[in-house]
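Below: one structure, written as structure tokens.
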Amino acid sequence: MPYSKSDRLSKLIPQDAKTLKDAVGMSTEIQDILNNDEDLNKVVTVAEELEGSLRNLGQHACGVVIGDRPTTKIAPVYRDPANPLPSCQYDGKYLEKSGLIKFDFLGLETLVVLKYATRLIQQTRGINIDLDQIPTDDPKTMRLWQQGLTEGIFQFDAQFVQQTLRKMHPTSFLEISALNALNRPGPIAFIPQFIARMHGEEEIEYVHERAIPILKETYGIIVYQEQVMQLVRVLAGFTRGQSDNVRKAMGKKIIAMLDELEGKFYEGCEKEGTLDRATAKDLWEKFKDFAKYAFNKSHAIAYSIVANQCAYLKANYTPEFLAASMSSNLNDTDQLAIFVDDAKTNFGIQIVAPDINESDSLFTVRDGKIIYGLAALKGVGAVATDAIVAERNANGKFKNLTDFAKRCATIVNKRILEAFAKTGVLDSLEPNRALIYMNADAILSYAAKSKDGANMLSLFANTVEDDVSEDRLHKNLPKTEPWTFGQKLENELSALGFYISAHPLDQYKHLIARANLATSATLATLGDRKSVQVAANVNSFGRRRTKTGKEMITINASDSAGNIDAVAFGDSAIEFAQILANETVVLISGKTSNRDDRVSIFVDSITPLNQWVAKIAKKITLDIRDGAILQDVKKAIIALPRGYTRVELVLHGAEKTATVALPGGVELGATTIADLIALGIKVEVE
């Protein structure tokens, strides 16, 4: 079945559909397709039969089981073919009853990030960072916490936590640790109250004066398991052992033990004369709600120390920390895109595109810029790039295409070469990316014939020296038209998962500024329910129904400054989905929703951007570097009706560049800009 067919059907599935049957029942469009397409109908029928099947077995992320004899003599064991470690088939509760004990040994990728970041700092700045000596009260780090710029910070990188940090505006490490503990299913409901009390907006209350020393640090709110243990001791006279049983019973939801301890708590409070029955019962219920996933303080402090180490490095050595974070996410293009956006938008750091003579396998830093890592390219991998970098370090930079092909003959395959072409890795050797991509087989054939050694005769010359010095491989490749600006960007997107050298809206930047459109950078400053227009490149969109049955469409888009989120409801959502199915670059009009530090747009209308451009453009500048296409440009311009958009040509000769303004003006059509770009011209619109 063609991918386009299945892709079209999958995009129509409402996001809130729980099963395929629900999806079919909720969407008349899906029903129409299945009624008219026998193949898709068969696929859905088979898929419905498979739906609900167990996909795989789960394995504890860090649980290690230890016993006094071979585990197979105590519990059933399963070995996943994809995992070298066998797994017990009992869960934790039954393991302990069978005589085994489970320890959690947590392996944190964050520790690898910290290690690589400190190594980069030593290389780039000559500074040796001792992570154990990092202060918890560094002013620059505290500002980063307060701004919520915590992407990549251990335990604090979720969007909700970033928003909470901006509201909280912490001023101490203990407040950061408290937020770490509060951000769990049990105590998370207390975060607004914690912030209100912290800022003096709500009176701090204590259940009893004996609770003040225990809860003062957390503004009268229970945050840690240890506080529960202390409270049952001072309020109800529990022993240390009994208070630990409270922690265990609540944390592991041991109902029988909880019921027994509840009665003892009421009796203890009465005996101590601290709380009446009703108040004690209310407090006990709070204990149970809190204990759904409560942290102990030692756990929260330890986690927050690691988080503070990350925050300190990000605040004081930003390029190195972000480069290390990117290196830790080589195969996660979505996360890489987030880090790239964070670096550019929030810290003004330039991301240098991958280059065969400058990049290493991992992300590196030079002159405050982050150099993109070769191993992060889709389908390339660290094994090949490590070998390429080792060759370059051993024998010097690659001189030209011939030199690269000969020296990397045993390393590069077609997949790697095509990825290098798409992302411009070889631009410093050959700027025409299309030439490399279209002639990948010829380049690899030449490289294969070079494997026997440096003294063999080349494909095109009598000596190896001639080959390299004259770049014979390049000279003998057939002439190939360069990719247009748009093609370059689309190929970058397919190989990287996002744009790196430019953005599709860059050609309209002067027009966007003149029209005073909002951007992703200015949306947050506009306030709530403000009318707005924004040019956006749509990355993805999804359709679903609301609880009331209304159509809803969510849009994830971007401009050159960052991300843009939009949403539409009702019948217009269907119309917008049809536009977005055919258009990527659009003009979105609507009203802002600026609440809880999250900015989005409620959409009123969506227009293909080229239609808007055609109406208001005052001037287009055509940057022409190939004289052979001048006749094609002339035909395209002459064919346009007379209008008010001026045309300016920038012509590049061998020795100089000339700018020519054409007389009169033209009326741009809906596809004029795209047609000119397709000729291989760089177009700017004002």
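Ligands are numbered from 1 in the order shown, residues from 1 within each chain, and chains are lettered A, B, ... in the order they appear in the structure tokens.
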
All residues 12 Å or closer to A:Leu517, only C-alpha atoms, same chain fewer than 5 positions away omitted, as a list in words: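 Neighbouring residues, sequence-local ones excluded: Tyr508, Lys509, His510, Leu511, Ile512, Thr522, Leu523, Leu526, Ser531, Val532, Gln533, Val534, Ala535, Ala536, Asp559, Leu587, Ile588 and Ser589 of chain A.
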
Excluding same-chain residues fewer than 3 positions from A:Leu9, what lies within 10 Å of it counting only C-alpha atoms, as a PyMOL selection string? chain A and resi 4-6+12-13+29-30+33-34+40+44

Print the selection's residues with N, CA and C atoms to a file, as a short mmCIF file (atom, residue, chain, number, x, y, z; two decimals), in the first residue's frame.
```cif
data_model
loop_
_atom_site.label_atom_id
_atom_site.label_comp_id
_atom_site.auth_asym_id
_atom_site.auth_seq_id
_atom_site.Cartn_x
_atom_site.Cartn_y
_atom_site.Cartn_z
N SER A 4 1.35 7.31 1.03
CA SER A 4 0.46 8.47 1.00
C SER A 4 -0.96 8.12 1.43
N LYS A 5 -1.39 6.90 1.07
CA LYS A 5 -2.74 6.47 1.44
C LYS A 5 -2.88 6.31 2.95
N SER A 6 -1.97 5.54 3.55
CA SER A 6 -2.05 5.29 4.99
C SER A 6 -1.82 6.58 5.77
N LEU A 12 -6.42 11.73 9.63
CA LEU A 12 -7.83 12.02 9.86
C LEU A 12 -8.34 11.45 11.19
N ILE A 13 -7.54 10.61 11.84
CA ILE A 13 -7.98 9.99 13.10
C ILE A 13 -8.04 11.05 14.20
N GLU A 29 -15.51 11.55 7.36
CA GLU A 29 -14.50 11.50 6.28
C GLU A 29 -13.85 10.12 6.22
N ILE A 30 -13.53 9.56 7.39
CA ILE A 30 -12.94 8.22 7.42
C ILE A 30 -13.94 7.20 6.88
N ILE A 33 -14.01 7.31 3.12
CA ILE A 33 -12.80 6.71 2.53
C ILE A 33 -12.91 5.19 2.56
N LEU A 34 -13.31 4.63 3.71
CA LEU A 34 -13.39 3.18 3.84
C LEU A 34 -14.47 2.58 2.94
N LEU A 40 -7.91 0.07 1.97
CA LEU A 40 -7.87 0.71 3.29
C LEU A 40 -8.88 0.07 4.24
N VAL A 44 -7.88 -1.50 7.93
CA VAL A 44 -8.53 -1.13 9.19
C VAL A 44 -9.15 -2.35 9.86
#
```

Using only C-alpha atoms, the shortest atom-to-atom distance to A:Gly590 among A:Lys530, A:Gly107, A:Lys682, A:Thr546 belongs to A:Lys530

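With atom CA of A:Gly63 on one side and atom CA of A:Tyr94 on the other, the separation reads 14.0 Å.
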
Name the residues in contact with A:Ala236 at a cut-off of 10 Å, using only C-alpha atoms, excluding same-chain residues fewer than 3 positions from it; report them as an mmCIF file with all heavy atoms, in the first residue's frame.
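Wrote it out as selection.cif, contents follow:
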```
data_model
loop_
_atom_site.group_PDB
_atom_site.id
_atom_site.type_symbol
_atom_site.label_atom_id
_atom_site.label_comp_id
_atom_site.auth_asym_id
_atom_site.auth_seq_id
_atom_site.Cartn_x
_atom_site.Cartn_y
_atom_site.Cartn_z
ATOM 1 N N GLN A 230 7.647 13.079 61.191
ATOM 2 C CA GLN A 230 7.851 13.944 62.354
ATOM 3 C C GLN A 230 6.515 14.362 62.977
ATOM 4 O O GLN A 230 6.375 14.413 64.200
ATOM 5 C CB GLN A 230 8.647 15.184 61.948
ATOM 6 C CG GLN A 230 10.111 14.903 61.634
ATOM 7 C CD GLN A 230 10.807 16.157 61.117
ATOM 8 O OE1 GLN A 230 10.513 16.648 60.027
ATOM 9 N NE2 GLN A 230 11.726 16.678 61.912
ATOM 10 N N LEU A 231 5.529 14.654 62.132
ATOM 11 C CA LEU A 231 4.236 15.118 62.628
ATOM 12 C C LEU A 231 3.521 14.049 63.448
ATOM 13 O O LEU A 231 2.941 14.353 64.502
ATOM 14 C CB LEU A 231 3.352 15.573 61.459
ATOM 15 C CG LEU A 231 3.734 16.913 60.811
ATOM 16 C CD1 LEU A 231 2.926 17.143 59.544
ATOM 17 C CD2 LEU A 231 3.527 18.071 61.793
ATOM 18 N N VAL A 232 3.534 12.801 62.969
ATOM 19 C CA VAL A 232 2.848 11.752 63.750
ATOM 20 C C VAL A 232 3.571 11.511 65.075
ATOM 21 O O VAL A 232 2.949 11.072 66.056
ATOM 22 C CB VAL A 232 2.712 10.436 62.943
ATOM 23 C CG1 VAL A 232 1.840 10.642 61.715
ATOM 24 C CG2 VAL A 232 4.063 9.845 62.562
ATOM 25 N N ARG A 233 4.849 11.808 65.141
ATOM 26 C CA ARG A 233 5.584 11.648 66.411
ATOM 27 C C ARG A 233 5.219 12.760 67.396
ATOM 28 O O ARG A 233 4.935 12.498 68.563
ATOM 29 C CB ARG A 233 7.093 11.620 66.161
ATOM 30 C CG ARG A 233 7.573 10.381 65.426
ATOM 31 C CD ARG A 233 9.017 10.036 65.751
ATOM 32 N NE ARG A 233 9.964 11.078 65.388
ATOM 33 C CZ ARG A 233 10.577 11.167 64.199
ATOM 34 N NH1 ARG A 233 10.310 10.267 63.255
ATOM 35 N NH2 ARG A 233 11.429 12.121 63.955
ATOM 36 N N THR A 239 6.285 6.235 67.943
ATOM 37 C CA THR A 239 7.722 5.954 68.018
ATOM 38 C C THR A 239 8.327 6.138 66.627
ATOM 39 O O THR A 239 7.610 6.246 65.625
ATOM 40 C CB THR A 239 7.977 4.517 68.481
ATOM 41 O OG1 THR A 239 7.479 3.617 67.476
ATOM 42 C CG2 THR A 239 7.298 4.242 69.813
ATOM 43 N N SER A 243 6.403 5.618 63.070
ATOM 44 C CA SER A 243 6.341 6.682 62.055
ATOM 45 C C SER A 243 6.887 6.188 60.716
ATOM 46 O O SER A 243 6.386 6.579 59.651
ATOM 47 C CB SER A 243 7.111 7.918 62.521
ATOM 48 O OG SER A 243 8.515 7.671 62.563
ATOM 49 N N LYS A 264 -4.641 4.344 65.674
ATOM 50 C CA LYS A 264 -3.618 4.704 66.665
ATOM 51 C C LYS A 264 -3.300 6.195 66.613
ATOM 52 O O LYS A 264 -2.994 6.810 67.646
ATOM 53 C CB LYS A 264 -2.349 3.883 66.423
ATOM 54 C CG LYS A 264 -2.487 2.413 66.799
ATOM 55 C CD LYS A 264 -1.175 1.676 66.636
ATOM 56 C CE LYS A 264 -1.320 0.206 67.087
ATOM 57 N NZ LYS A 264 -0.050 -0.537 66.932
ATOM 58 N N PHE A 265 -3.366 6.791 65.395
ATOM 59 C CA PHE A 265 -3.088 8.225 65.256
ATOM 60 C C PHE A 265 -4.157 9.033 65.994
ATOM 61 O O PHE A 265 -3.836 9.978 66.728
ATOM 62 C CB PHE A 265 -3.058 8.603 63.770
ATOM 63 C CG PHE A 265 -2.794 10.063 63.520
ATOM 64 C CD1 PHE A 265 -1.554 10.624 63.789
ATOM 65 C CD2 PHE A 265 -3.800 10.886 63.030
ATOM 66 C CE1 PHE A 265 -1.314 11.982 63.560
ATOM 67 C CE2 PHE A 265 -3.576 12.236 62.791
ATOM 68 C CZ PHE A 265 -2.329 12.782 63.062
ATOM 69 N N TYR A 266 -5.436 8.666 65.820
ATOM 70 C CA TYR A 266 -6.508 9.391 66.506
ATOM 71 C C TYR A 266 -6.355 9.262 68.021
ATOM 72 O O TYR A 266 -6.494 10.249 68.770
ATOM 73 C CB TYR A 266 -7.877 8.849 66.081
ATOM 74 C CG TYR A 266 -8.172 8.982 64.605
ATOM 75 C CD1 TYR A 266 -9.046 8.102 63.966
ATOM 76 C CD2 TYR A 266 -7.580 9.985 63.841
ATOM 77 C CE1 TYR A 266 -9.323 8.214 62.611
ATOM 78 C CE2 TYR A 266 -7.839 10.108 62.483
ATOM 79 C CZ TYR A 266 -8.715 9.213 61.868
ATOM 80 O OH TYR A 266 -8.975 9.335 60.539
ATOM 81 N N GLU A 267 -6.071 8.041 68.474
ATOM 82 C CA GLU A 267 -5.898 7.805 69.908
ATOM 83 C C GLU A 267 -4.702 8.594 70.446
ATOM 84 O O GLU A 267 -4.762 9.184 71.531
ATOM 85 C CB GLU A 267 -5.693 6.315 70.169
ATOM 86 C CG GLU A 267 -6.915 5.454 69.871
ATOM 87 C CD GLU A 267 -6.602 3.964 69.917
ATOM 88 O OE1 GLU A 267 -5.461 3.618 70.333
ATOM 89 O OE2 GLU A 267 -7.460 3.150 69.539
ATOM 90 N N GLY A 268 -3.609 8.623 69.671
ATOM 91 C CA GLY A 268 -2.408 9.327 70.103
ATOM 92 C C GLY A 268 -2.631 10.824 70.206
ATOM 93 O O GLY A 268 -2.162 11.470 71.162
ATOM 94 N N CYS A 269 -3.341 11.406 69.234
ATOM 95 C CA CYS A 269 -3.617 12.847 69.268
ATOM 96 C C CYS A 269 -4.468 13.202 70.493
ATOM 97 O O CYS A 269 -4.262 14.239 71.149
ATOM 98 C CB CYS A 269 -4.342 13.287 67.992
ATOM 99 S SG CYS A 269 -3.303 13.276 66.514
ATOM 100 N N GLU A 270 -5.438 12.334 70.793
ATOM 101 C CA GLU A 270 -6.290 12.567 71.959
ATOM 102 C C GLU A 270 -5.470 12.467 73.244
ATOM 103 O O GLU A 270 -5.608 13.306 74.155
ATOM 104 C CB GLU A 270 -7.424 11.537 71.963
ATOM 105 C CG GLU A 270 -8.445 11.767 73.064
ATOM 106 C CD GLU A 270 -9.593 10.769 72.986
ATOM 107 O OE1 GLU A 270 -9.680 10.026 71.985
ATOM 108 O OE2 GLU A 270 -10.391 10.731 73.942
ATOM 109 N N LYS A 271 -4.604 11.480 73.308
ATOM 110 C CA LYS A 271 -3.767 11.281 74.504
ATOM 111 C C LYS A 271 -2.787 12.435 74.699
ATOM 112 O O LYS A 271 -2.548 12.890 75.831
ATOM 113 C CB LYS A 271 -3.018 9.958 74.375
ATOM 114 C CG LYS A 271 -2.182 9.593 75.594
ATOM 115 C CD LYS A 271 -1.516 8.238 75.412
ATOM 116 C CE LYS A 271 -0.655 7.884 76.618
ATOM 117 N NZ LYS A 271 0.027 6.566 76.452
ATOM 118 N N GLU A 272 -2.209 12.924 73.580
ATOM 119 C CA GLU A 272 -1.244 14.027 73.648
ATOM 120 C C GLU A 272 -1.941 15.372 73.840
ATOM 121 O O GLU A 272 -1.289 16.369 74.154
ATOM 122 C CB GLU A 272 -0.414 14.074 72.359
ATOM 123 C CG GLU A 272 0.536 12.908 72.161
ATOM 124 C CD GLU A 272 1.738 12.980 73.080
ATOM 125 O OE1 GLU A 272 2.201 14.097 73.389
ATOM 126 O OE2 GLU A 272 2.218 11.911 73.509
ATOM 127 N N GLY A 273 -3.247 15.396 73.604
ATOM 128 C CA GLY A 273 -4.001 16.638 73.745
ATOM 129 C C GLY A 273 -3.688 17.657 72.670
ATOM 130 O O GLY A 273 -3.740 18.874 72.910
ATOM 131 N N THR A 274 -3.362 17.174 71.493
ATOM 132 C CA THR A 274 -2.950 18.078 70.406
ATOM 133 C C THR A 274 -4.088 18.412 69.439
ATOM 134 O O THR A 274 -4.329 19.583 69.125
ATOM 135 C CB THR A 274 -1.787 17.458 69.607
ATOM 136 O OG1 THR A 274 -2.150 16.125 69.201
ATOM 137 C CG2 THR A 274 -0.525 17.406 70.447
ATOM 138 N N LEU A 275 -4.818 17.386 68.956
ATOM 139 C CA LEU A 275 -5.862 17.596 67.956
ATOM 140 C C LEU A 275 -7.134 16.883 68.367
ATOM 141 O O LEU A 275 -7.086 15.772 68.908
ATOM 142 C CB LEU A 275 -5.417 17.060 66.583
ATOM 143 C CG LEU A 275 -4.109 17.583 65.981
ATOM 144 C CD1 LEU A 275 -3.831 16.863 64.659
ATOM 145 C CD2 LEU A 275 -4.149 19.086 65.789
ATOM 146 N N ALA A 280 -7.886 15.724 63.516
ATOM 147 C CA ALA A 280 -6.953 14.622 63.286
ATOM 148 C C ALA A 280 -7.352 13.831 62.044
ATOM 149 O O ALA A 280 -6.498 13.432 61.240
ATOM 150 C CB ALA A 280 -6.907 13.708 64.508
#
```

Quick one: pick out all alpha helix (DSSP H) residues within stretch 57-232 of chain A from a backbone DSSP run and write them as an MDAnalysis selection string. chainID A and resid 92:97 109:125 139:147 159:168 173:182 191:198 212:215 225:232

Give me the residues near A:Phe569 as a list in words, where near means some atom within 6 Å (using only C-alpha atoms) and where sequence neighbours in that chain fewer than 4 positions away do not count. Glu551, Met552 and Ala573 of chain A

Point out the residue among A:Arg472, A:Met229, A:Gly653, A:Gln163 with the least atom-to-atom distance to A:Arg595, counting only C-alpha atoms.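 Checking each candidate against A:Arg595, we get A:Gln163 as the closest.
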
So that I can check the surroundings of A:Thr672, please list as an mmCIF file with N, CA and C atoms, in the first residue's frame every protein, DNA and RNA residue that reaches within 10 Å of it, counting only C-alpha atoms and ignoring chain neighbours fewer than 2 positions away.
```cif
data_model
loop_
_atom_site.group_PDB
_atom_site.id
_atom_site.type_symbol
_atom_site.label_atom_id
_atom_site.label_comp_id
_atom_site.auth_asym_id
_atom_site.auth_seq_id
_atom_site.Cartn_x
_atom_site.Cartn_y
_atom_site.Cartn_z
ATOM 1 N N ASN A 610 1.544 33.049 0.281
ATOM 2 C CA ASN A 610 1.858 33.610 -1.044
ATOM 3 C C ASN A 610 0.731 34.505 -1.557
ATOM 4 N N GLN A 611 -0.513 34.228 -1.171
ATOM 5 C CA GLN A 611 -1.625 35.090 -1.575
ATOM 6 C C GLN A 611 -1.514 36.457 -0.917
ATOM 7 N N VAL A 613 1.283 37.790 0.264
ATOM 8 C CA VAL A 613 2.483 38.437 -0.287
ATOM 9 C C VAL A 613 2.168 39.098 -1.621
ATOM 10 N N ALA A 614 1.417 38.385 -2.473
ATOM 11 C CA ALA A 614 1.096 38.912 -3.798
ATOM 12 C C ALA A 614 0.329 40.223 -3.714
ATOM 13 N N ALA A 636 9.563 34.839 -17.241
ATOM 14 C CA ALA A 636 8.668 34.811 -16.085
ATOM 15 C C ALA A 636 8.185 36.204 -15.709
ATOM 16 N N ILE A 637 9.082 37.208 -15.791
ATOM 17 C CA ILE A 637 8.721 38.582 -15.420
ATOM 18 C C ILE A 637 7.800 39.197 -16.473
ATOM 19 N N LEU A 640 4.066 38.424 -16.350
ATOM 20 C CA LEU A 640 3.247 38.958 -15.268
ATOM 21 C C LEU A 640 2.501 40.216 -15.705
ATOM 22 N N GLU A 667 2.360 42.696 -11.182
ATOM 23 C CA GLU A 667 1.374 42.175 -10.246
ATOM 24 C C GLU A 667 1.712 40.715 -9.979
ATOM 25 N N LEU A 668 2.064 40.429 -8.749
ATOM 26 C CA LEU A 668 2.475 39.071 -8.406
ATOM 27 C C LEU A 668 1.275 38.137 -8.380
ATOM 28 N N GLY A 669 1.490 36.929 -8.867
ATOM 29 C CA GLY A 669 0.469 35.903 -8.778
ATOM 30 C C GLY A 669 0.658 35.067 -7.530
ATOM 31 N N ALA A 670 -0.289 34.184 -7.261
ATOM 32 C CA ALA A 670 -0.235 33.361 -6.054
ATOM 33 C C ALA A 670 0.978 32.450 -6.023
ATOM 34 N N ALA A 674 7.157 31.235 -5.655
ATOM 35 C CA ALA A 674 7.560 29.827 -5.726
ATOM 36 C C ALA A 674 8.136 29.482 -7.097
ATOM 37 N N ASP A 675 7.532 30.045 -8.165
ATOM 38 C CA ASP A 675 8.017 29.764 -9.524
ATOM 39 C C ASP A 675 9.424 30.318 -9.731
ATOM 40 N N LEU A 676 9.682 31.507 -9.200
ATOM 41 C CA LEU A 676 11.011 32.110 -9.347
ATOM 42 C C LEU A 676 12.053 31.335 -8.537
ATOM 43 N N ILE A 677 11.662 30.925 -7.324
ATOM 44 C CA ILE A 677 12.587 30.135 -6.493
ATOM 45 C C ILE A 677 12.927 28.828 -7.193
ATOM 46 N N ALA A 678 11.935 28.254 -7.875
ATOM 47 C CA ALA A 678 12.153 26.982 -8.579
ATOM 48 C C ALA A 678 13.187 27.097 -9.687
#
```

A:Glu205 surroundings by only C-alpha atoms, 10 Å radius, close-in-sequence under 4 positions cut, as an mmCIF file with C-alpha atoms, in the first residue's frame:
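Writing the result to result-v6.cif gives the following:
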```cif
data_model
loop_
_atom_site.group_PDB
_atom_site.id
_atom_site.type_symbol
_atom_site.label_atom_id
_atom_site.label_comp_id
_atom_site.auth_asym_id
_atom_site.auth_seq_id
_atom_site.Cartn_x
_atom_site.Cartn_y
_atom_site.Cartn_z
ATOM 1 C CA ARG A 197 2.186 31.637 50.988
ATOM 2 C CA GLU A 209 2.130 24.889 67.373
ATOM 3 C CA ALA A 211 4.072 21.546 63.786
ATOM 4 C CA ILE A 212 5.719 24.965 63.340
ATOM 5 C CA LEU A 215 6.623 22.930 58.498
ATOM 6 C CA LYS A 216 8.068 26.464 58.761
ATOM 7 C CA TYR A 219 5.264 27.583 54.645
ATOM 8 C CA GLY A 220 3.012 25.240 56.626
ATOM 9 C CA ILE A 221 2.547 22.797 53.721
#
```
